Amino acid sequence: MVCVGIDVAKDKHDCFILSSEGKVLADVFTIPNSIEGFQFLLERIHSCVSPKDSIKVGLEATGHYSYNLLGVPS
């Protein structure tokens with residue numbers, strides 16, 4: 001399993017990717033709160049997983065700033 005942690009903020013999100021065994025797959029990196037940032041995050045996640053891996057994403061509940069990541073209509 002691959003775990004993705006996201007610290008949500010208004011203009012940017014800090015992300016971290018590790019395996020369920022605790023191996024760091026992608027050290028902390030920052031993405032803008034934009035479609036380009038989300039595409040970069042998705043590419044980064046895909047570069048860290050194999051076809052057999054499941055992915056869990058956890059993010060900070062900070063009100064409406066996480067809606068873009070969650071795909072919730074505003």
# chains A, B, ... in the order shown; residues from 1 in each chain; ligands from 1
$ select_by_dssp --residues "chain A" --states "helix (DSSP H, G or I)" --output "ChimeraX atom specification"
/A:35-48,63-70
$ write_last_selection --atoms "N, CA and C atoms" --output "PDB file, in the first residue's frame"
ATOM      1  N   ILE A  35      -5.219  23.227 -11.047  1.00  0.00           N
ATOM      2  CA  ILE A  35      -5.324  21.993 -11.836  1.00  0.00           C
ATOM      3  C   ILE A  35      -3.937  21.480 -12.195  1.00  0.00           C
ATOM      4  N   GLU A  36      -3.001  22.381 -12.459  1.00  0.00           N
ATOM      5  CA  GLU A  36      -1.636  21.953 -12.778  1.00  0.00           C
ATOM      6  C   GLU A  36      -0.983  21.277 -11.565  1.00  0.00           C
ATOM      7  N   GLY A  37      -1.228  21.823 -10.396  1.00  0.00           N
ATOM      8  CA  GLY A  37      -0.702  21.217  -9.174  1.00  0.00           C
ATOM      9  C   GLY A  37      -1.294  19.837  -8.932  1.00  0.00           C
ATOM     10  N   PHE A  38      -2.590  19.694  -9.174  1.00  0.00           N
ATOM     11  CA  PHE A  38      -3.256  18.399  -8.973  1.00  0.00           C
ATOM     12  C   PHE A  38      -2.737  17.375  -9.975  1.00  0.00           C
ATOM     13  N   GLN A  39      -2.503  17.806 -11.214  1.00  0.00           N
ATOM     14  CA  GLN A  39      -1.953  16.892 -12.219  1.00  0.00           C
ATOM     15  C   GLN A  39      -0.549  16.447 -11.836  1.00  0.00           C
ATOM     16  N   PHE A  40       0.260  17.364 -11.309  1.00  0.00           N
ATOM     17  CA  PHE A  40       1.608  17.011 -10.856  1.00  0.00           C
ATOM     18  C   PHE A  40       1.535  16.002  -9.715  1.00  0.00           C
ATOM     19  N   LEU A  41       0.618  16.225  -8.765  1.00  0.00           N
ATOM     20  CA  LEU A  41       0.447  15.287  -7.653  1.00  0.00           C
ATOM     21  C   LEU A  41       0.076  13.903  -8.163  1.00  0.00           C
ATOM     22  N   LEU A  42      -0.850  13.830  -9.076  1.00  0.00           N
ATOM     23  CA  LEU A  42      -1.265  12.540  -9.635  1.00  0.00           C
ATOM     24  C   LEU A  42      -0.093  11.845 -10.336  1.00  0.00           C
ATOM     25  N   GLU A  43       0.674  12.594 -11.104  1.00  0.00           N
ATOM     26  CA  GLU A  43       1.848  12.015 -11.768  1.00  0.00           C
ATOM     27  C   GLU A  43       2.862  11.509 -10.745  1.00  0.00           C
ATOM     28  N   ARG A  44       3.054  12.279  -9.684  1.00  0.00           N
ATOM     29  CA  ARG A  44       4.008  11.885  -8.639  1.00  0.00           C
ATOM     30  C   ARG A  44       3.546  10.615  -7.937  1.00  0.00           C
ATOM     31  N   ILE A  45       2.248  10.517  -7.664  1.00  0.00           N
ATOM     32  CA  ILE A  45       1.711   9.302  -7.040  1.00  0.00           C
ATOM     33  C   ILE A  45       1.917   8.114  -7.973  1.00  0.00           C
ATOM     34  N   HIS A  46       1.570   8.273  -9.235  1.00  0.00           N
ATOM     35  CA  HIS A  46       1.727   7.180 -10.195  1.00  0.00           C
ATOM     36  C   HIS A  46       3.171   6.729 -10.324  1.00  0.00           C
ATOM     37  N   SER A  47       4.126   7.643 -10.161  1.00  0.00           N
ATOM     38  CA  SER A  47       5.535   7.271 -10.264  1.00  0.00           C
ATOM     39  C   SER A  47       6.003   6.471  -9.050  1.00  0.00           C
ATOM     40  N   CYS A  48       5.219   6.468  -7.982  1.00  0.00           N
ATOM     41  CA  CYS A  48       5.604   5.780  -6.740  1.00  0.00           C
ATOM     42  C   CYS A  48       4.901   4.448  -6.540  1.00  0.00           C
ATOM     43  N   GLY A  63     -11.862  22.897   5.953  1.00  0.00           N
ATOM     44  CA  GLY A  63     -12.986  23.568   5.319  1.00  0.00           C
ATOM     45  C   GLY A  63     -12.943  23.446   3.811  1.00  0.00           C
ATOM     46  N   HIS A  64     -13.267  24.521   3.136  1.00  0.00           N
ATOM     47  CA  HIS A  64     -13.429  24.498   1.683  1.00  0.00           C
ATOM     48  C   HIS A  64     -12.121  24.423   0.908  1.00  0.00           C
ATOM     49  N   TYR A  65     -10.958  24.614   1.527  1.00  0.00           N
ATOM     50  CA  TYR A  65      -9.693  24.576   0.792  1.00  0.00           C
ATOM     51  C   TYR A  65      -9.369  23.186   0.258  1.00  0.00           C
ATOM     52  N   SER A  66      -9.951  22.160   0.814  1.00  0.00           N
ATOM     53  CA  SER A  66      -9.696  20.796   0.326  1.00  0.00           C
ATOM     54  C   SER A  66     -10.698  20.362  -0.744  1.00  0.00           C
ATOM     55  N   TYR A  67     -11.716  21.155  -1.006  1.00  0.00           N
ATOM     56  CA  TYR A  67     -12.757  20.745  -1.951  1.00  0.00           C
ATOM     57  C   TYR A  67     -12.210  20.459  -3.350  1.00  0.00           C
ATOM     58  N   ASN A  68     -11.247  21.262  -3.820  1.00  0.00           N
ATOM     59  CA  ASN A  68     -10.687  21.017  -5.152  1.00  0.00           C
ATOM     60  C   ASN A  68     -10.047  19.639  -5.226  1.00  0.00           C
ATOM     61  N   LEU A  69      -9.307  19.263  -4.181  1.00  0.00           N
ATOM     62  CA  LEU A  69      -8.670  17.939  -4.164  1.00  0.00           C
ATOM     63  C   LEU A  69      -9.688  16.821  -4.090  1.00  0.00           C
ATOM     64  N   LEU A  70     -10.762  17.056  -3.376  1.00  0.00           N
ATOM     65  CA  LEU A  70     -11.795  16.037  -3.200  1.00  0.00           C
ATOM     66  C   LEU A  70     -12.760  15.939  -4.374  1.00  0.00           C
TER      67      LEU A  70
END
$ residues_around --residues "A:Val57" --least-positions-apart "5" --cutoff "7 Å" --atoms "only C-alpha atoms" --output "short mmCIF file (atom, residue, chain, number, x, y, z; two decimals) with C-alpha atoms, in the first residue's frame"
data_model
loop_
_atom_site.label_atom_id
_atom_site.label_comp_id
_atom_site.auth_asym_id
_atom_site.auth_seq_id
_atom_site.Cartn_x
_atom_site.Cartn_y
_atom_site.Cartn_z
CA CYS A 3 0.07 6.36 1.63
CA VAL A 4 -0.19 10.00 0.57
CA GLY A 5 -0.43 12.72 3.18
#
$ residues_around --residues "A:Leu18" --least-positions-apart "3" --cutoff "8 Å" --atoms "only C-alpha atoms" --output "ChimeraX atom specification"
/A:2-4,21-26
$ write_last_selection --atoms "C-alpha atoms" --output "PDB file, in the first residue's frame"
ATOM      1  CA  VAL A   2       1.107   3.551  -0.720  1.00  0.00           C
ATOM      2  CA  CYS A   3       0.070   6.356   1.630  1.00  0.00           C
ATOM      3  CA  VAL A   4      -0.192   9.998   0.572  1.00  0.00           C
ATOM      4  CA  GLU A  21       6.278  -0.224   5.587  1.00  0.00           C
ATOM      5  CA  GLY A  22       7.383   3.353   6.300  1.00  0.00           C
ATOM      6  CA  LYS A  23       9.747   3.770   3.345  1.00  0.00           C
ATOM      7  CA  VAL A  24       9.751   7.340   2.006  1.00  0.00           C
ATOM      8  CA  LEU A  25       8.746   7.246  -1.658  1.00  0.00           C
ATOM      9  CA  ALA A  26       8.548  11.023  -2.170  1.00  0.00           C
TER      10      ALA A  26
END
$ residues_around --residues "A:Thr30" --least-positions-apart "6" --cutoff "10 Å" --atoms "only C-alpha atoms" --output "list in words"
Ile6, Asp7, Lys12, His13, Asp14, Cys15, Phe16, Gly37, Phe40 and Leu41 of chain A
$ write_last_selection --atoms "N, CA and C atoms" --output "compact mmCIF listing (two decimals), in the first residue's frame"
# COMPACT_ATOMS: atom_id res chain seq x y z
N ILE A 6 -1.47 14.86 2.80
CA ILE A 6 -1.56 16.20 2.22
C ILE A 6 -1.96 17.20 3.30
N ASP A 7 -1.12 18.23 3.47
CA ASP A 7 -1.42 19.34 4.36
C ASP A 7 -2.03 20.43 3.50
N LYS A 12 -1.52 26.58 -1.56
CA LYS A 12 -0.63 25.47 -1.85
C LYS A 12 -0.93 24.30 -0.92
N HIS A 13 -0.45 23.14 -1.30
CA HIS A 13 -0.60 21.94 -0.48
C HIS A 13 0.76 21.27 -0.36
N ASP A 14 1.12 20.88 0.86
CA ASP A 14 2.35 20.15 1.09
C ASP A 14 2.02 18.67 1.11
N CYS A 15 2.79 17.87 0.37
CA CYS A 15 2.48 16.45 0.18
C CYS A 15 3.67 15.58 0.56
N PHE A 16 3.39 14.32 0.87
CA PHE A 16 4.40 13.36 1.28
C PHE A 16 3.88 11.98 0.90
N GLY A 37 -1.23 21.82 -10.40
CA GLY A 37 -0.70 21.22 -9.17
C GLY A 37 -1.29 19.84 -8.93
N PHE A 40 0.26 17.36 -11.31
CA PHE A 40 1.61 17.01 -10.86
C PHE A 40 1.53 16.00 -9.72
N LEU A 41 0.62 16.22 -8.77
CA LEU A 41 0.45 15.29 -7.65
C LEU A 41 0.08 13.90 -8.16
$ select_by_dssp --residues "stretch 1-71 of chain A" --states "strand (DSSP E)" --output "CSV table (one decimal) with all heavy atoms, in the first residue's frame"
chain,number,residue,atom,x,y,z
A,2,VAL,N,0.4,2.3,-0.7
A,2,VAL,CA,1.1,3.6,-0.7
A,2,VAL,C,0.2,4.6,0.0
A,2,VAL,O,-1.0,4.6,-0.3
A,2,VAL,CB,1.4,4.0,-2.2
A,2,VAL,CG1,1.9,5.4,-2.2
A,2,VAL,CG2,2.4,3.0,-2.8
A,3,CYS,N,0.8,5.4,0.9
A,3,CYS,CA,0.1,6.4,1.6
A,3,CYS,C,0.5,7.8,1.2
A,3,CYS,O,1.7,8.0,1.1
A,3,CYS,CB,0.3,6.2,3.1
A,3,CYS,SG,-0.1,4.5,3.7
A,4,VAL,N,-0.5,8.6,1.0
A,4,VAL,CA,-0.2,10.0,0.6
A,4,VAL,C,-0.8,10.9,1.6
A,4,VAL,O,-2.0,10.8,1.9
A,4,VAL,CB,-0.8,10.3,-0.8
A,4,VAL,CG1,-0.5,11.7,-1.2
A,4,VAL,CG2,-0.4,9.3,-1.9
A,5,GLY,N,0.0,11.8,2.2
A,5,GLY,CA,-0.4,12.7,3.2
A,5,GLY,C,-0.4,14.1,2.6
A,5,GLY,O,0.6,14.5,1.9
A,6,ILE,N,-1.5,14.9,2.8
A,6,ILE,CA,-1.6,16.2,2.2
A,6,ILE,C,-2.0,17.2,3.3
A,6,ILE,O,-3.0,17.0,4.0
A,6,ILE,CB,-2.6,16.2,1.1
A,6,ILE,CG1,-2.3,15.2,0.0
A,6,ILE,CG2,-2.7,17.6,0.5
A,6,ILE,CD1,-3.3,15.1,-1.1
A,7,ASP,N,-1.1,18.2,3.5
A,7,ASP,CA,-1.4,19.3,4.4
A,7,ASP,C,-2.0,20.4,3.5
A,7,ASP,O,-1.3,21.0,2.6
A,7,ASP,CB,-0.1,19.8,5.0
A,7,ASP,CG,-0.4,21.0,6.0
A,7,ASP,OD1,-1.5,21.1,6.5
A,7,ASP,OD2,0.6,21.8,6.2
A,8,VAL,N,-3.3,20.7,3.7
A,8,VAL,CA,-4.1,21.6,2.8
A,8,VAL,C,-4.0,23.0,3.3
A,8,VAL,O,-4.0,23.3,4.5
A,8,VAL,CB,-5.5,21.1,2.8
A,8,VAL,CG1,-6.4,22.1,2.0
A,8,VAL,CG2,-5.7,19.7,2.3
A,12,LYS,N,-1.5,26.6,-1.6
A,12,LYS,CA,-0.6,25.5,-1.8
A,12,LYS,C,-0.9,24.3,-0.9
A,12,LYS,O,-1.6,24.5,0.1
A,12,LYS,CB,0.8,25.9,-1.7
A,12,LYS,CG,1.2,26.2,-0.2
A,12,LYS,CD,2.6,26.6,0.0
A,12,LYS,CE,2.9,26.9,1.4
A,12,LYS,NZ,3.0,25.7,2.3
A,13,HIS,N,-0.4,23.1,-1.3
A,13,HIS,CA,-0.6,21.9,-0.5
A,13,HIS,C,0.8,21.3,-0.4
A,13,HIS,O,1.5,21.1,-1.3
A,13,HIS,CB,-1.6,21.0,-1.1
A,13,HIS,CG,-2.9,21.6,-1.5
A,13,HIS,ND1,-3.7,22.3,-0.6
A,13,HIS,CD2,-3.6,21.6,-2.6
A,13,HIS,CE1,-4.8,22.7,-1.2
A,13,HIS,NE2,-4.8,22.3,-2.4
A,14,ASP,N,1.1,20.9,0.9
A,14,ASP,CA,2.4,20.1,1.1
A,14,ASP,C,2.0,18.7,1.1
A,14,ASP,O,1.1,18.2,1.8
A,14,ASP,CB,3.0,20.6,2.4
A,14,ASP,CG,3.4,22.0,2.4
A,14,ASP,OD1,4.0,22.5,1.3
A,14,ASP,OD2,3.3,22.7,3.4
A,15,CYS,N,2.8,17.9,0.4
A,15,CYS,CA,2.5,16.5,0.2
A,15,CYS,C,3.7,15.6,0.6
A,15,CYS,O,4.8,16.0,0.5
A,15,CYS,CB,2.1,16.2,-1.3
A,15,CYS,SG,0.9,17.3,-1.9
A,16,PHE,N,3.4,14.3,0.9
A,16,PHE,CA,4.4,13.4,1.3
A,16,PHE,C,3.9,12.0,0.9
A,16,PHE,O,2.7,11.7,1.1
A,16,PHE,CB,4.6,13.5,2.8
A,16,PHE,CG,5.6,12.6,3.4
A,16,PHE,CD1,7.0,13.0,3.3
A,16,PHE,CD2,5.3,11.4,4.0
A,16,PHE,CE1,8.0,12.2,3.9
A,16,PHE,CE2,6.3,10.7,4.6
A,16,PHE,CZ,7.7,11.1,4.5
A,17,ILE,N,4.7,11.1,0.4
A,17,ILE,CA,4.3,9.8,-0.1
A,17,ILE,C,5.2,8.8,0.6
A,17,ILE,O,6.4,8.9,0.5
A,17,ILE,CB,4.3,9.7,-1.6
A,17,ILE,CG1,3.5,10.8,-2.2
A,17,ILE,CG2,3.8,8.3,-2.0
A,17,ILE,CD1,3.6,10.8,-3.8
A,18,LEU,N,4.6,7.7,1.2
A,18,LEU,CA,5.4,6.7,1.8
A,18,LEU,C,4.7,5.3,1.6
A,18,LEU,O,3.5,5.3,1.4
A,18,LEU,CB,5.7,6.9,3.3
A,18,LEU,CG,4.6,6.8,4.3
A,18,LEU,CD1,5.2,6.5,5.6
A,18,LEU,CD2,3.9,8.2,4.4
A,19,SER,N,5.5,4.3,1.8
A,19,SER,CA,4.9,2.9,1.7
A,19,SER,C,4.3,2.6,3.1
A,19,SER,O,4.6,3.2,4.1
A,19,SER,CB,6.0,1.9,1.3
A,19,SER,OG,6.9,1.7,2.4
A,24,VAL,N,10.1,6.1,2.7
A,24,VAL,CA,9.8,7.3,2.0
A,24,VAL,C,9.9,7.1,0.5
A,24,VAL,O,10.9,6.8,0.0
A,24,VAL,CB,10.7,8.5,2.5
A,24,VAL,CG1,10.4,9.8,1.7
A,24,VAL,CG2,10.5,8.7,4.0
A,25,LEU,N,8.8,7.4,-0.2
A,25,LEU,CA,8.7,7.2,-1.7
A,25,LEU,C,8.9,8.6,-2.3
A,25,LEU,O,9.4,8.7,-3.4
A,25,LEU,CB,7.5,6.5,-2.1
A,25,LEU,CG,7.2,5.2,-1.5
A,25,LEU,CD1,5.9,4.6,-1.9
A,25,LEU,CD2,8.3,4.2,-1.9
A,26,ALA,N,8.4,9.6,-1.7
A,26,ALA,CA,8.5,11.0,-2.2
A,26,ALA,C,8.6,11.9,-1.0
A,26,ALA,O,7.6,12.0,-0.2
A,26,ALA,CB,7.4,11.4,-3.1
A,27,ASP,N,9.7,12.5,-0.7
A,27,ASP,CA,9.9,13.4,0.4
A,27,ASP,C,9.0,14.6,0.2
A,27,ASP,O,8.4,14.8,-0.9
A,27,ASP,CB,11.3,13.9,0.6
A,27,ASP,CG,11.7,14.2,2.0
A,27,ASP,OD1,10.7,14.3,2.9
A,27,ASP,OD2,12.8,14.5,2.3
A,28,VAL,N,8.8,15.4,1.2
A,28,VAL,CA,7.9,16.6,1.2
A,28,VAL,C,8.1,17.4,-0.1
A,28,VAL,O,9.2,17.8,-0.4
A,28,VAL,CB,8.0,17.4,2.4
A,28,VAL,CG1,7.1,18.6,2.4
A,28,VAL,CG2,7.7,16.6,3.7
A,29,PHE,N,7.0,17.6,-0.8
A,29,PHE,CA,7.0,18.5,-1.9
A,29,PHE,C,5.7,19.4,-1.9
A,29,PHE,O,4.7,19.0,-1.3
A,29,PHE,CB,7.1,17.7,-3.2
A,29,PHE,CG,6.0,16.7,-3.5
A,29,PHE,CD1,4.9,17.1,-4.3
A,29,PHE,CD2,6.0,15.5,-2.9
A,29,PHE,CE1,3.9,16.1,-4.6
A,29,PHE,CE2,5.0,14.5,-3.2
A,29,PHE,CZ,4.0,14.9,-4.0
A,30,THR,N,5.7,20.5,-2.5
A,30,THR,CA,4.6,21.4,-2.5
A,30,THR,C,4.0,21.6,-3.9
A,30,THR,O,4.7,21.6,-4.9
A,30,THR,CB,5.1,22.8,-2.0
A,30,THR,OG1,5.7,22.7,-0.7
A,30,THR,CG2,3.9,23.8,-1.9
A,31,ILE,N,2.7,21.6,-3.9
A,31,ILE,CA,2.0,21.8,-5.2
A,31,ILE,C,1.1,23.0,-5.0
A,31,ILE,O,0.6,23.3,-4.0
A,31,ILE,CB,1.1,20.6,-5.6
A,31,ILE,CG1,0.0,20.3,-4.6
A,31,ILE,CG2,2.0,19.4,-5.9
A,31,ILE,CD1,-1.1,19.3,-5.1
A,32,PRO,N,0.9,23.8,-6.1
A,32,PRO,CA,-0.1,24.9,-6.1
A,32,PRO,C,-1.5,24.4,-6.0
A,32,PRO,O,-1.8,23.3,-6.5
A,32,PRO,CB,0.2,25.7,-7.3
A,32,PRO,CG,0.8,24.7,-8.3
A,32,PRO,CD,1.5,23.7,-7.4
A,55,ILE,N,-3.8,2.6,-2.9
A,55,ILE,CA,-3.3,3.9,-2.5
A,55,ILE,C,-4.3,4.5,-1.5
A,55,ILE,O,-5.6,4.4,-1.7
A,55,ILE,CB,-3.3,4.9,-3.7
A,55,ILE,CG1,-2.3,4.3,-4.8
A,55,ILE,CG2,-2.9,6.3,-3.3
A,55,ILE,CD1,-2.5,5.0,-6.1
A,56,LYS,N,-3.8,5.0,-0.4
A,56,LYS,CA,-4.7,5.7,0.6
A,56,LYS,C,-4.2,7.1,0.7
A,56,LYS,O,-3.0,7.4,0.7
A,56,LYS,CB,-4.6,5.1,1.9
A,56,LYS,CG,-5.3,3.8,2.0
A,56,LYS,CD,-5.7,3.5,3.4
A,56,LYS,CE,-6.5,2.2,3.4
A,56,LYS,NZ,-7.4,2.0,4.5
A,57,VAL,N,-5.1,8.1,0.6
A,57,VAL,CA,-4.8,9.5,0.7
A,57,VAL,C,-5.5,10.1,2.0
A,57,VAL,O,-6.7,9.9,2.2
A,57,VAL,CB,-5.3,10.3,-0.5
A,57,VAL,CG1,-5.0,11.7,-0.4
A,57,VAL,CG2,-4.6,9.7,-1.8
A,58,GLY,N,-4.7,10.7,2.8
A,58,GLY,CA,-5.2,11.4,4.0
A,58,GLY,C,-4.9,12.9,3.8
A,58,GLY,O,-3.8,13.3,3.4
A,59,LEU,N,-5.9,13.7,4.1
A,59,LEU,CA,-5.7,15.1,4.1
A,59,LEU,C,-6.4,15.8,5.2
A,59,LEU,O,-7.3,15.3,5.8
A,59,LEU,CB,-6.1,15.7,2.7
A,59,LEU,CG,-7.5,15.5,2.3
A,59,LEU,CD1,-8.2,16.8,2.0
A,59,LEU,CD2,-7.5,14.6,1.0
